Amino acid sequence: MATFAFIHGAGDVGWYWHLVEAELRALGHHTVAPDLPIEDDEAGLAEYAAAVVDAIRDRRDVVVVAQSFGGYVAPIVADRIDARLIVLVAAMVPSPGESADEMFANTRWEPEQLADSSEQSVFYHDVPGELVDEALSRGRRQSDTPGREPWPLRAWPDVLTRFILCRNDRFFPARWLRPVVRDRLGIEPAEIDSGHCPALSRPRELAGLLDRYSTETTGRDISA
């Protein structure tokens with residue numbers, strides 16, 4: 001069985017993954033989902049990665065899973081611990097020396113233009129209401145520090161990588177993210193019918209993909 005190390009996105013908490021964690025634990029896997037130090041203006045990508053590495057401790061056969069801005073942290077963690085697999089979920093894909101702010105500009109990112117630009121409409125439009133309320137109550141202030149920091153790795157780690165794209169994502173629209181994944185990772189993303197937060201809207205489907213990916217040992221090409 002694998003250990004899944006979950007990395008949440010900007011302004012979020014490890015709780016975001018709790019439903020997926022429950023599904024994977026029922027299958028016999030181990031999981032960790034630490035809160036990153038996102039409110040600390042002195043904390044950058046190294047500190048975010050350290051929080052995940054500390055949670056992993058001495059566990060082996062680790063699958064690093066990251067959501068949204070967590071895509072900037074996951075490869076740093078994977079490189080430090082010799083991870084088995086990286087799985088990015090509706091995530092950013094950095095290039096060496098490029099900050100998250102620069103990535104948005106360089107890839108011409110634009111979210112969907114909506115009449116209702118509330119967090120509920122943008123991020124949680126397909127999430128059950130009681131989970132929306134809980135998610136919003138747990139939101140935290142996100143420091144600007146890591147978003148301005150150049151990504152420190154010289155190249156993507158030599159670790160098997162998978163990408164799960166959400167077709168109904170209003171924040172990271174599929175039309176924008178598909179070519180980003182293909183150009184930057186050289187792989188084809190798997191796709192699910194979800195908004196930006198599939199760990200809350202489709203946890204069982206997401207857990208099933210993660211469980212299946214955890215058995216893979218070679219190659220970088222993705223296949224749904």
# chains A, B, ... in the order shown; residues from 1 in each chain; ligands from 1
call {"tool": "residues_around", "arguments": {"residues": "A:Glu39", "least_positions_apart": "4", "cutoff": "8 Å", "atoms": "only C-alpha atoms", "output": "ChimeraX atom specification"}}
result
/A:140-143
call {"tool": "select_by_dssp", "arguments": {"residues": "stretch 18-71 of chain A", "states": "strand (DSSP E)", "output": "VMD selection string"}}
result
chain A and resid 30 to 32 62 to 68
call {"tool": "write_last_selection", "arguments": {"atoms": "all heavy atoms", "output": "CSV table (one decimal), in the first residue's frame"}}
result
chain,number,residue,atom,x,y,z
A,30,HIS,N,-2.1,4.7,3.4
A,30,HIS,CA,-1.9,5.7,4.5
A,30,HIS,C,-2.0,7.1,3.8
A,30,HIS,O,-1.7,7.2,2.6
A,30,HIS,CB,-0.5,5.5,5.1
A,30,HIS,CG,-0.3,4.2,5.7
A,30,HIS,ND1,-0.9,3.8,6.9
A,30,HIS,CD2,0.4,3.1,5.3
A,30,HIS,CE1,-0.5,2.6,7.2
A,30,HIS,NE2,0.3,2.1,6.2
A,31,THR,N,-2.4,8.1,4.6
A,31,THR,CA,-2.5,9.4,4.0
A,31,THR,C,-2.0,10.4,5.1
A,31,THR,O,-2.1,10.2,6.3
A,31,THR,CB,-4.0,9.8,3.7
A,31,THR,OG1,-4.7,9.9,4.8
A,31,THR,CG2,-4.6,8.7,2.7
A,32,VAL,N,-1.5,11.5,4.5
A,32,VAL,CA,-1.2,12.7,5.3
A,32,VAL,C,-1.6,13.9,4.5
A,32,VAL,O,-1.5,14.0,3.3
A,32,VAL,CB,0.3,12.8,5.7
A,32,VAL,CG1,0.8,11.7,6.6
A,32,VAL,CG2,1.2,12.9,4.5
A,62,VAL,N,5.8,6.8,-1.4
A,62,VAL,CA,5.0,8.0,-1.3
A,62,VAL,C,4.5,8.5,-2.6
A,62,VAL,O,5.2,8.6,-3.6
A,62,VAL,CB,5.7,9.1,-0.6
A,62,VAL,CG1,4.9,10.4,-0.5
A,62,VAL,CG2,6.1,8.7,0.8
A,63,VAL,N,3.2,8.8,-2.7
A,63,VAL,CA,2.5,9.4,-3.8
A,63,VAL,C,2.2,10.8,-3.4
A,63,VAL,O,1.5,11.1,-2.5
A,63,VAL,CB,1.2,8.7,-4.3
A,63,VAL,CG1,0.6,9.4,-5.4
A,63,VAL,CG2,1.5,7.2,-4.6
A,64,VAL,N,2.8,11.8,-4.1
A,64,VAL,CA,2.6,13.2,-3.8
A,64,VAL,C,1.4,13.8,-4.6
A,64,VAL,O,1.5,13.7,-5.9
A,64,VAL,CB,3.9,14.0,-4.0
A,64,VAL,CG1,3.6,15.5,-3.6
A,64,VAL,CG2,5.0,13.5,-3.2
A,65,VAL,N,0.4,14.2,-4.0
A,65,VAL,CA,-0.8,14.7,-4.7
A,65,VAL,C,-1.0,16.2,-4.4
A,65,VAL,O,-1.1,16.6,-3.2
A,65,VAL,CB,-2.1,13.9,-4.3
A,65,VAL,CG1,-3.3,14.3,-5.2
A,65,VAL,CG2,-1.8,12.4,-4.5
A,66,ALA,N,-1.2,17.0,-5.4
A,66,ALA,CA,-1.3,18.4,-5.2
A,66,ALA,C,-2.4,19.1,-6.0
A,66,ALA,O,-2.7,18.7,-7.1
A,66,ALA,CB,0.0,19.1,-5.6
A,67,GLN,N,-3.1,20.0,-5.4
A,67,GLN,CA,-4.2,20.8,-5.9
A,67,GLN,C,-3.8,22.2,-6.2
A,67,GLN,O,-3.1,22.8,-5.4
A,67,GLN,CB,-5.4,20.8,-4.9
A,67,GLN,CG,-6.5,21.8,-5.2
A,67,GLN,CD,-7.5,21.3,-6.2
A,67,GLN,OE1,-7.5,20.1,-6.5
A,67,GLN,NE2,-8.3,22.2,-6.6
A,68,SER,N,-4.1,22.7,-7.4
A,68,SER,CA,-4.0,24.2,-7.7
A,68,SER,C,-2.6,24.7,-7.4
A,68,SER,O,-1.6,24.2,-8.0
A,68,SER,CB,-5.1,24.9,-6.9
A,68,SER,OG,-5.3,26.2,-7.4
call {"tool": "closest_residue", "arguments": {"among": "A:Ile76, A:Met103, A:Met92, A:Ala199", "to": "A:Pro128", "atoms": "only C-alpha atoms"}}
result
A:Ala199
call {"tool": "closest_residue", "arguments": {"among": "A:Ser201, A:Trp176, A:Phe163, A:Arg25", "to": "A:Glu130", "atoms": "only C-alpha atoms"}}
result
A:Ser201
call {"tool": "closest_residue", "arguments": {"among": "A:Phe171, A:Trp17, A:Tyr72, A:Phe4", "to": "A:Phe123", "atoms": "only C-alpha atoms"}}
result
A:Phe171
call {"tool": "closest_residue", "arguments": {"among": "A:Val159, A:Glu188, A:Val20, A:Arg80", "to": "A:Gly208", "atoms": "only C-alpha atoms"}}
result
A:Val20
call {"tool": "select_by_dssp", "arguments": {"residues": "stretch 5-193 of chain A", "states": "alpha helix (DSSP H)", "output": "number ranges by chain"}}
result
A: 18-26, 45-56, 74-81, 100-106, 119-123, 129-138, 174-185
call {"tool": "write_last_selection", "arguments": {"atoms": "C-alpha atoms", "output": "PDB file, in the first residue's frame"}}
result
ATOM      1  CA  HIS A  18     -10.633  14.474   4.011  1.00  0.00           C
ATOM      2  CA  LEU A  19     -13.175  12.616   1.864  1.00  0.00           C
ATOM      3  CA  VAL A  20     -10.521  11.319  -0.516  1.00  0.00           C
ATOM      4  CA  GLU A  21      -8.374  10.319   2.453  1.00  0.00           C
ATOM      5  CA  ALA A  22     -11.249   8.280   3.881  1.00  0.00           C
ATOM      6  CA  GLU A  23     -11.731   6.433   0.585  1.00  0.00           C
ATOM      7  CA  LEU A  24      -8.028   5.617   0.295  1.00  0.00           C
ATOM      8  CA  ARG A  25      -7.674   4.552   3.915  1.00  0.00           C
ATOM      9  CA  ALA A  26     -10.591   2.163   3.394  1.00  0.00           C
ATOM     10  CA  LEU A  45       8.100  27.362  -1.214  1.00  0.00           C
ATOM     11  CA  ALA A  46      10.876  25.743   0.844  1.00  0.00           C
ATOM     12  CA  GLU A  47       8.844  26.089   4.037  1.00  0.00           C
ATOM     13  CA  TYR A  48       5.706  24.769   2.343  1.00  0.00           C
ATOM     14  CA  ALA A  49       7.619  21.730   1.094  1.00  0.00           C
ATOM     15  CA  ALA A  50       9.177  21.224   4.539  1.00  0.00           C
ATOM     16  CA  ALA A  51       5.721  21.057   6.126  1.00  0.00           C
ATOM     17  CA  VAL A  52       4.800  18.191   3.804  1.00  0.00           C
ATOM     18  CA  VAL A  53       8.122  16.380   4.236  1.00  0.00           C
ATOM     19  CA  ASP A  54       7.763  16.636   8.019  1.00  0.00           C
ATOM     20  CA  ALA A  55       4.284  15.086   7.804  1.00  0.00           C
ATOM     21  CA  ILE A  56       5.573  12.217   5.666  1.00  0.00           C
ATOM     22  CA  ALA A  74       4.659  18.925  -5.131  1.00  0.00           C
ATOM     23  CA  PRO A  75       7.773  18.489  -7.298  1.00  0.00           C
ATOM     24  CA  ILE A  76       9.973  20.019  -4.586  1.00  0.00           C
ATOM     25  CA  VAL A  77       8.617  17.490  -2.090  1.00  0.00           C
ATOM     26  CA  ALA A  78       8.935  14.620  -4.567  1.00  0.00           C
ATOM     27  CA  ASP A  79      12.529  15.553  -5.323  1.00  0.00           C
ATOM     28  CA  ARG A  80      13.452  15.637  -1.620  1.00  0.00           C
ATOM     29  CA  ILE A  81      11.930  12.300  -0.646  1.00  0.00           C
ATOM     30  CA  ALA A 100       3.443  31.538  -9.966  1.00  0.00           C
ATOM     31  CA  ASP A 101       2.569  35.134 -10.823  1.00  0.00           C
ATOM     32  CA  GLU A 102       4.779  34.864 -13.919  1.00  0.00           C
ATOM     33  CA  MET A 103       3.251  31.549 -14.912  1.00  0.00           C
ATOM     34  CA  PHE A 104      -0.206  33.110 -15.050  1.00  0.00           C
ATOM     35  CA  ALA A 105       1.120  35.903 -17.266  1.00  0.00           C
ATOM     36  CA  ASN A 106       3.265  33.654 -19.470  1.00  0.00           C
ATOM     37  CA  GLU A 119     -16.020  31.883  -4.164  1.00  0.00           C
ATOM     38  CA  GLN A 120     -19.020  29.572  -4.137  1.00  0.00           C
ATOM     39  CA  SER A 121     -19.691  30.169  -7.830  1.00  0.00           C
ATOM     40  CA  VAL A 122     -16.073  30.027  -8.982  1.00  0.00           C
ATOM     41  CA  PHE A 123     -14.725  27.181  -6.847  1.00  0.00           C
ATOM     42  CA  GLY A 129     -24.020  22.777   0.076  1.00  0.00           C
ATOM     43  CA  GLU A 130     -22.966  21.549   3.520  1.00  0.00           C
ATOM     44  CA  LEU A 131     -19.413  21.015   2.264  1.00  0.00           C
ATOM     45  CA  VAL A 132     -19.383  24.467   0.681  1.00  0.00           C
ATOM     46  CA  ASP A 133     -20.266  26.057   4.007  1.00  0.00           C
ATOM     47  CA  GLU A 134     -17.569  24.060   5.792  1.00  0.00           C
ATOM     48  CA  ALA A 135     -14.945  24.842   3.157  1.00  0.00           C
ATOM     49  CA  LEU A 136     -15.678  28.560   3.262  1.00  0.00           C
ATOM     50  CA  SER A 137     -15.517  28.599   7.062  1.00  0.00           C
ATOM     51  CA  ARG A 138     -12.061  26.987   6.950  1.00  0.00           C
ATOM     52  CA  ALA A 174      -9.868  23.237 -19.391  1.00  0.00           C
ATOM     53  CA  ARG A 175      -9.226  25.167 -22.618  1.00  0.00           C
ATOM     54  CA  TRP A 176      -6.319  26.920 -20.862  1.00  0.00           C
ATOM     55  CA  LEU A 177      -4.974  24.029 -18.803  1.00  0.00           C
ATOM     56  CA  ARG A 178      -4.893  21.258 -21.445  1.00  0.00           C
ATOM     57  CA  PRO A 179      -2.152  22.893 -23.560  1.00  0.00           C
ATOM     58  CA  VAL A 180      -0.237  23.915 -20.410  1.00  0.00           C
ATOM     59  CA  VAL A 181      -0.051  20.269 -19.306  1.00  0.00           C
ATOM     60  CA  ARG A 182       0.922  19.046 -22.770  1.00  0.00           C
ATOM     61  CA  ASP A 183       3.553  21.721 -23.335  1.00  0.00           C
ATOM     62  CA  ARG A 184       5.143  21.705 -19.879  1.00  0.00           C
ATOM     63  CA  LEU A 185       4.931  18.051 -18.872  1.00  0.00           C
TER      64      LEU A 185
END
call {"tool": "atom_distance", "arguments": {"atom1": "atom CA of A:Val73", "atom2": "atom CA of A:Asp144"}}
result
14.8 Å
call {"tool": "closest_atom_pairs", "arguments": {"of": "stretch 147-218 of chain A", "to": "stretch 83-86 of chain A", "cutoff": "9 Å", "atoms": "only C-alpha atoms", "output": "CSV"}}
result
residue,atom,partner,partner_atom,distance
A:Val159,CA,A:Leu85,CA,5.9
A:Leu160,CA,A:Leu85,CA,5.0
A:Thr161,CA,A:Ile86,CA,4.7
A:Arg162,CA,A:Ile86,CA,6.2
A:Phe163,CA,A:Ile86,CA,8.4
A:Tyr213,CA,A:Leu85,CA,8.1
A:Ser214,CA,A:Leu85,CA,7.2
A:Glu216,CA,A:Leu85,CA,8.3
A:Thr217,CA,A:Arg84,CA,7.4
call {"tool": "closest_residue", "arguments": {"among": "A:Met1, A:Val127, A:Ala207, A:Cys166", "to": "A:Val89", "atoms": "only C-alpha atoms"}}
result
A:Cys166
call {"tool": "closest_residue", "arguments": {"among": "A:Asp169, A:Glu149, A:Asp41, A:Asp82", "to": "A:Gln113", "atoms": "only C-alpha atoms"}}
result
A:Asp169
